[in-house]
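A.B. asks: Sharing a structure below in structure tokens format, with a few things to ask.
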Amino acid sequence: MKKIFLIAFGFVFAVSLNAQGINVPAKAKEAFSKLFPQAAKVNWGKESKNEFEVSFINRETNMSVVLNGEGKLLETETDIEVNNLPGKVLQFVKEKYPHYKITEAAKIVDSKNVLSYEAEISLGKEKRDLIFDANGNGVVKKEANEKNKNVKKQTTIN
């Protein structure tokens, strides 16, 4: 009876994933499994036509990576404590966004090993991401946090 239930659950789960329109290539899944064999709470999302974002927990740290369909690692984002942001980032937010609070912080490394920092700031319900260079100089990029609004998510059970 358990076996029938598990098969039925697996079928329903697979159908619901296909209904979401996300088809993660096997090469991307394999590359992720090799890079992060201890990953837990893995969630796949589609960034663009051939890029997939995976958010997960790795050794008690929240992370996300972007892989292309061939499994090439394009970006790694690791959550950090707000006080671990460079001092220039903290000062910038204090001066330019005095009423905002830094609610999340991350260290980002791209495929060329270029380091940057992300500070999510919020004021009430408004949230935005500020991206800084490795030294915490200036805002490299501002993003409204609506970016994930249209991203389709898929959960993979490990």
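Every chain in the structure tokens takes a letter, A first, then B, and so on in the order presented; its residues are numbered from 1, and the ligands are numbered from 1 following the presented order.
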Can you tell me, as a ChimeraX atom specification, what residues are no more than 6 Å from Ala106 (chain A) when counting only C-alpha atoms, ignoring any on the same chain fewer than 4 positions away?

C.D. replies: /A:78-80,117-118

A.B. asks: Among region 24-139 of chain A, which ones does DSSP place in alpha helix (DSSP H), written as an MDAnalysis selection string?

C.D. replies: chainID A and resid 26:35 87:96

A.B. asks: Next, the residues of the selection above should be written as a compact mmCIF listing (two decimals), in the first residue's frame with C-alpha atoms.

C.D. replies:
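Heads up, here's the output in result_0.txt:
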# COMPACT_ATOMS: atom_id res chain seq x y z
CA ALA A 26 20.06 16.81 -16.44
CA LYS A 27 23.52 18.40 -16.88
CA ALA A 28 22.53 21.29 -14.60
CA LYS A 29 21.16 18.92 -11.97
CA GLU A 30 24.28 16.72 -12.14
CA ALA A 31 26.64 19.69 -11.86
CA PHE A 32 24.73 21.04 -8.86
CA SER A 33 24.80 17.64 -7.12
CA LYS A 34 28.57 17.39 -7.62
CA LEU A 35 29.21 20.96 -6.42
CA GLY A 87 32.05 49.32 6.22
CA LYS A 88 31.58 51.39 3.07
CA VAL A 89 28.34 49.54 2.31
CA LEU A 90 26.98 50.19 5.80
CA GLN A 91 27.99 53.85 5.56
CA PHE A 92 26.45 54.23 2.09
CA VAL A 93 23.10 52.86 3.21
CA LYS A 94 23.17 55.02 6.33
CA GLU A 95 23.81 58.18 4.28
CA LYS A 96 21.74 57.52 1.13

A.B. asks: So which one's closest to Asn84 (chain A), A:Ile57, A:Ala119, A:Leu130, A:Val66? Using only C-alpha atoms, please.

C.D. replies: A:Ala119

A.B. asks: Using only C-alpha atoms, which of the listed residues (A:Gly124, A:Gly138, A:Gly69, A:Pro98) sits closest to Asn50 (chain A)?

C.D. replies: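 With only C-alpha atoms as the atom set, the closest residue is A:Gly69.
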
A.B. asks: Rounded to one decimal in Å, what is the spacing between CA of Glu75 (chain A) and CA of Asn62 (chain A)?

C.D. replies: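 These atoms are spaced 14.3 Å apart.
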
A.B. asks: What parts of region 62-130 of chain A does DSSP call strand (DSSP E)? I'd like the answer as a PyMOL selection string.

C.D. replies: chain A and resi 62-68+73-80+101-110+115-123+126-130
